[in-house]
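> Following this message is one structure expressed as structure tokens.
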Amino acid sequence: MTSATTPVALGQMQQVVLGRSSAIASSHPLITAEGARVLAAGGNAIDASLAMAAVSWVVLPGQCGIGGDVFAIVREPDGRVWTAGGSGYGPDGGTADFYRSQGHSAIPLTGALSVSVPGAPAAHALLAAHARWDLSQLWANGISLARNGFACTSKNRADITERQVPLAADPSTAACFLPDGRVPAVGRLLHQRDLADTLEVLAKDPLSFYRGDLAERSLDFLMTGGAPFSGDEWAAGADLLAEPAISARYGDLTLHQTPLPSAGWMVLHQAGLLDGSLPDLDLLGPSACALFAGAARAAFDDRFATVNADNGAWQELLDPERLAAQRVGLGAPSAAAVPARIDGDTTSTVCVDDEGRTVSFIHSLAFTFGARITVPGTGVVLNNRLGRGAYLVPGHLNEVAPRRKPLHTLNAWIADDADGLRHAGNCPGGDGQVQWNMQVISHLVDHGLDPQQAVSLPRLTVFPGSDADVVDEPSEVRVEEGLPQATLESLRTAGHLVREIPVQRGGPGGSALAVSRDPRSGVLSAGADPRMEGTAVAW
């Protein structure tokens with residue numbers, strides 16, 4: 001029997017999976033199966049991640065696509081850690097005055113004006129240089145699913161139903177996701193034949209997305225829709241190099257994250273505030289939850305006040321003396337509110353191969369189905385990252401500017417020590433990502449939970465975060481069912497505005513993934529979030 005002081009995990013009968021050689025976790029069985037197939041056939045973790053991404057584009061089309069962005073962090077067998085930051089610029093003509101002259105007080109969240117240059121093709125090109133197979137092989141199953149059809153799931157149907165009106169407004173998008181003008185039934189085959197043709201071309205050279213016929217078609221479509229692209233910023237999207245991870249200590253481990261414009265520094269910020277404070281506290285007890293909420297709020301407030309994609313302010317925020325000062329009163333409630341809301345959808349994978357190479361990979365269209373528009377004849381659904389990540393607040397550090405990358409919610413992490421990999425993971429979910437990743441990391445590191453336990457526990461979320469869509473709401477702590485009642489009562493007594501919400505199944509509450517490695521035995525353990533159709537395998 002569960003007491004009022006014990007957190008109740010989702011999927012309590014779902015057990016962690018164990019293996020000695022390799023491990024994979026994703027949010028969909030077909031995606032996990034594709035990664036396992038590639039590893040079994042001799043591919044490495046990068047091969048598997050690229051192949052899983054192509055299947056993801058088809059079976060989770062609301063969450064990701066070649067018209068979106070990718071962030072990945074890779075740990076090589078020799079311990080080197082590097083990242084791929086596949087996100088693109090806003091348009092060269094995208095001044096704040098331009099959007100205001102169109103009558104906007106915020107950058108639109110749908111349509112051509114919401115789009116930034118997709119970073120996914122460049123990220124795939126960069127990662128493919130470290131793969132064993134070529135992209136034509138790695139994307140083959142994804143292309144086949146797009147051409148021959150995939151069975152609409154309840155998740156797909158829910159995504160389409162909720163966004164039926166904007167999807168129907170764009171003929172190319174409607175043709176894929178509203179066949180016969182109706183929301184598809186579960187089990188109905190959905191086809192993306194134009195996308196299959198496009199991916200066959202891009203598999204030969206993914207950087208051709210940024211030049212030539214496909215670039216011209218994309219730019220013509222966007223410029224006809226009023227977006228102020230010049231074409232030069234589109235071509236510049238091809239210029240992507242590997243970057244070192246950004247890192248900090250947490251417990252006895254080094255925590256590695258993806259750099260700007262990723263939100264990875266916000267996880268390091270929370271880790272710096274929380275390090276050493278949680279191991280002796282009750283798991284998701286009142287004191288721990290107050291600290292989680294305080295650290296998240298501090299990171300969001302600092303992001304809103306000081307950080308954009310071009311500056312190095314985040315490094316000053318991680319200064320030990322500053323962190324020590326911020327810890328004072330960290331668990332106290334905050335009345336602050338910044339313009340934002342948690343919305344949208346994303347998906348991700350984690351993979352460890354038999355050499356120990358590890359990839360945490362996350363990709364997104366920003367909001368579900370992104371800008372809700374498709375480049376005609378290509379099947380490429382475009383992101384709305386500019387609308388989500390750039391502000392139209394006069395004089396703000398993150399105010400939209402030409403050739404500036406919008407700030408991102410995406411991030412991916414790996415933790416290691418002198419003995420090698422210890423943990424890797426990620427969690428989709430807009431501004432929830434950095435909070436939920438920190439909670440999972442703490443469960444793993446501070447309390448020694450296995451990955452399945454860590455991703456299944458109820459989560460708390462500070463709201464609002466710092467997304468650009470303006471919603472002036474009071475600061476609150478949203479808590480999923482399953483948190484101890486004593487925790488909720490204590491938070492309320494302390495002055496926090498606590499809002500209880502149902503378990504966020506189907507994506508809104510994230511779909512956390514984690515893989516851990518026992519440093520003594522080398523055994524791998526993997527877990528996938530039961531909030532989605534998460535599946536983990538290990539062998």
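Starting from 1 in every chain, residues are counted up; chains themselves are A, B, ... following the order of the structure tokens, and ligands are numbered from 1 as listed.
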Please provide as number ranges by chain all residues within 12 Å of Pro519 (chain A), with the sequence filter that same-chain residues fewer than 5 positions apart are discarded (counting only C-alpha atoms).
A: 20, 416-423, 524-525
> Put those residues in a file: N, CA and C atoms, as a compact mmCIF listing (two decimals), in the first residue's frame.

```
# COMPACT_ATOMS: atom_id res chain seq x y z
N ARG A 20 24.57 -6.52 -21.73
CA ARG A 20 26.03 -6.37 -21.55
C ARG A 20 26.68 -5.64 -22.70
N ASP A 416 29.48 11.07 -17.16
CA ASP A 416 30.52 10.05 -17.10
C ASP A 416 31.48 10.34 -15.96
N ASP A 417 32.43 9.44 -15.77
CA ASP A 417 33.50 9.62 -14.80
C ASP A 417 34.75 8.92 -15.34
N ALA A 418 35.74 8.75 -14.49
CA ALA A 418 37.00 8.16 -14.94
C ALA A 418 36.83 6.72 -15.42
N ASP A 419 35.76 6.05 -14.99
CA ASP A 419 35.51 4.67 -15.40
C ASP A 419 34.70 4.57 -16.69
N GLY A 420 34.29 5.71 -17.23
CA GLY A 420 33.55 5.69 -18.50
C GLY A 420 32.13 6.21 -18.35
N LEU A 421 31.29 5.81 -19.28
CA LEU A 421 29.89 6.22 -19.27
C LEU A 421 29.20 5.78 -18.00
N ARG A 422 28.40 6.68 -17.42
CA ARG A 422 27.55 6.31 -16.30
C ARG A 422 26.07 6.40 -16.67
N HIS A 423 25.67 7.52 -17.30
CA HIS A 423 24.27 7.70 -17.66
C HIS A 423 24.18 8.55 -18.93
N LEU A 524 24.60 -2.70 -18.86
CA LEU A 524 23.78 -1.56 -19.27
C LEU A 524 22.35 -1.77 -18.83
N SER A 525 21.69 -0.71 -18.40
CA SER A 525 20.27 -0.75 -18.08
C SER A 525 19.60 0.40 -18.81
```
> Give me, as a list in words, all polymer residues having an atom no more than 7 Å from region 302-315 of chain A, counting only C-alpha atoms and skipping those fewer than 6 positions away in the same chain.
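Here the answer would be Leu260, Pro261, Trp265, Leu397, Asn398, Lys405, Pro406, Leu407 and Ser466 of chain A.
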> What lies within 8 Å of Met52 (chain A) using only C-alpha atoms, ignoring chain neighbours under 3 positions off, as a VMD selection string?
chain A and resid 31 to 32 34 to 35 48 to 49 55 to 56 349
> Can you list, as a list in words, every protein, DNA or RNA residue that comes within 10 Å of Phe177 (chain A) when you count only C-alpha atoms, leaving out same-chain residues fewer than 5 positions away?
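The residues that qualify are Pro61, Gly62, Cys152, Asn156, Arg157, Asp159, Ile160, Thr161, Gln164, Leu167, Ala168, Ser172, Arg182, Val183, Pro184, Leu190, His191 and Gln192 of chain A.
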> Taking C-alpha atoms for each residue, export the selection above as a PDB file, in the first residue's frame.

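What ended up in selection24.pdb:
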```pdb
ATOM      1  CA  PRO A  61       5.429  13.296 -38.004  1.00  0.00           C
ATOM      2  CA  GLY A  62       4.025  15.837 -35.556  1.00  0.00           C
ATOM      3  CA  CYS A 152      -1.902   5.786 -37.894  1.00  0.00           C
ATOM      4  CA  ASN A 156      -0.935  10.407 -34.480  1.00  0.00           C
ATOM      5  CA  ARG A 157      -4.710  10.690 -34.485  1.00  0.00           C
ATOM      6  CA  ASP A 159      -2.082  15.154 -32.789  1.00  0.00           C
ATOM      7  CA  ILE A 160      -4.016  15.559 -36.038  1.00  0.00           C
ATOM      8  CA  THR A 161      -7.383  15.971 -34.329  1.00  0.00           C
ATOM      9  CA  GLN A 164      -7.108  19.770 -37.701  1.00  0.00           C
ATOM     10  CA  LEU A 167      -3.453  21.423 -41.014  1.00  0.00           C
ATOM     11  CA  ALA A 168      -6.484  21.612 -43.312  1.00  0.00           C
ATOM     12  CA  SER A 172       0.117  19.913 -48.985  1.00  0.00           C
ATOM     13  CA  ARG A 182     -10.963  13.712 -42.561  1.00  0.00           C
ATOM     14  CA  VAL A 183      -9.001  12.859 -39.442  1.00  0.00           C
ATOM     15  CA  PRO A 184      -7.641   9.355 -40.074  1.00  0.00           C
ATOM     16  CA  LEU A 190      -0.896   7.306 -44.038  1.00  0.00           C
ATOM     17  CA  HIS A 191       1.431   7.966 -46.949  1.00  0.00           C
ATOM     18  CA  GLN A 192       4.124  10.598 -47.399  1.00  0.00           C
TER      19      GLN A 192
END
```
> So which bits of region 343-535 of chain A end up strand (DSSP E) when you DSSP the backbone, as a short mmCIF file (atom, residue, chain, number, x, y, z; two decimals) with C-alpha atoms, in the first residue's frame?

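Here's the written file states-v9.cif:
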```cif
data_model
loop_
_atom_site.label_atom_id
_atom_site.label_comp_id
_atom_site.auth_asym_id
_atom_site.auth_seq_id
_atom_site.Cartn_x
_atom_site.Cartn_y
_atom_site.Cartn_z
CA THR A 346 9.45 16.57 -29.72
CA THR A 347 10.96 13.09 -29.77
CA SER A 348 14.34 11.57 -29.05
CA THR A 349 16.51 8.46 -28.83
CA VAL A 350 19.40 7.15 -26.74
CA CYS A 351 21.80 4.52 -28.02
CA VAL A 352 24.91 2.74 -26.72
CA THR A 358 26.91 6.67 -26.83
CA VAL A 359 24.53 9.03 -28.61
CA SER A 360 21.75 11.08 -27.05
CA PHE A 361 19.74 12.52 -29.95
CA ILE A 362 16.74 14.87 -29.90
CA HIS A 363 14.84 16.43 -32.79
CA SER A 364 11.78 18.59 -33.23
CA THR A 374 4.58 21.87 -46.12
CA VAL A 375 6.77 22.90 -49.03
CA VAL A 380 8.84 18.69 -45.99
CA VAL A 381 6.84 20.00 -43.02
CA TRP A 413 22.95 15.00 -21.89
CA ILE A 414 25.58 12.41 -20.97
CA ALA A 415 27.21 11.85 -17.55
CA ASP A 416 30.52 10.05 -17.10
CA ASP A 417 33.50 9.62 -14.80
CA GLY A 420 33.55 5.69 -18.50
CA LEU A 421 29.89 6.22 -19.27
CA ARG A 422 27.55 6.31 -16.30
CA HIS A 423 24.27 7.70 -17.66
CA ALA A 424 22.80 9.22 -20.83
CA GLY A 425 19.37 10.59 -21.56
CA ASN A 426 17.02 13.29 -22.74
CA LEU A 460 6.78 18.68 -11.29
CA THR A 461 7.01 21.64 -13.63
CA VAL A 462 7.57 25.31 -12.95
CA PHE A 463 5.28 27.35 -15.20
CA GLU A 476 2.91 28.09 -10.38
CA VAL A 477 4.21 24.59 -9.77
CA ARG A 478 2.36 21.98 -11.80
CA VAL A 479 2.48 18.51 -10.31
CA GLU A 480 1.46 15.20 -11.81
CA VAL A 498 0.41 24.34 -6.69
CA ARG A 499 -1.71 23.03 -9.53
CA GLU A 500 -2.41 19.30 -9.68
CA ILE A 501 -2.69 17.87 -13.19
CA LEU A 513 14.66 8.17 -21.87
CA ALA A 514 17.71 6.99 -19.97
CA VAL A 515 20.49 4.42 -20.24
CA SER A 516 22.92 3.70 -17.40
CA ARG A 517 26.11 1.67 -17.16
CA LEU A 524 23.78 -1.56 -19.27
CA SER A 525 20.27 -0.75 -18.08
CA ALA A 526 17.70 1.16 -20.11
CA GLY A 527 14.31 2.71 -19.51
CA ALA A 528 11.67 4.44 -21.65
CA THR A 535 10.34 1.02 -25.64
#
```
> Excluding Ser22 (chain A) and any residue of its chain fewer than 6 positions from it, enumerate the residues within 7 Å of it, using only C-alpha atoms, and give them as a list in words.
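Close residues of Ser22 (chain A): Val352, Asp353, Asp354, Ala538 and Trp539 of chain A.
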> Quick one, how far is CA of Ile373 (chain A) from CA of Ala174 (chain A)?
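We find that CA of Ile373 (chain A) and CA of Ala174 (chain A) lie 9.0 Å from each other.
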> From the DSSP assignment of the backbone, select every residue of region 116-271 of chain A that is alpha helix (DSSP H), and format the answer as a ChimeraX atom specification.
/A:120-128,135-138,140-148,154-162,164-169,171-177,193-204,212-224,232-236,264-271
> When you count only C-alpha atoms, which of these residues is closest to Ala390 (chain A): A:Val115, A:Ala25, A:Ala512, A:Ile246?
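Nearest to Ala390 (chain A): A:Val115.
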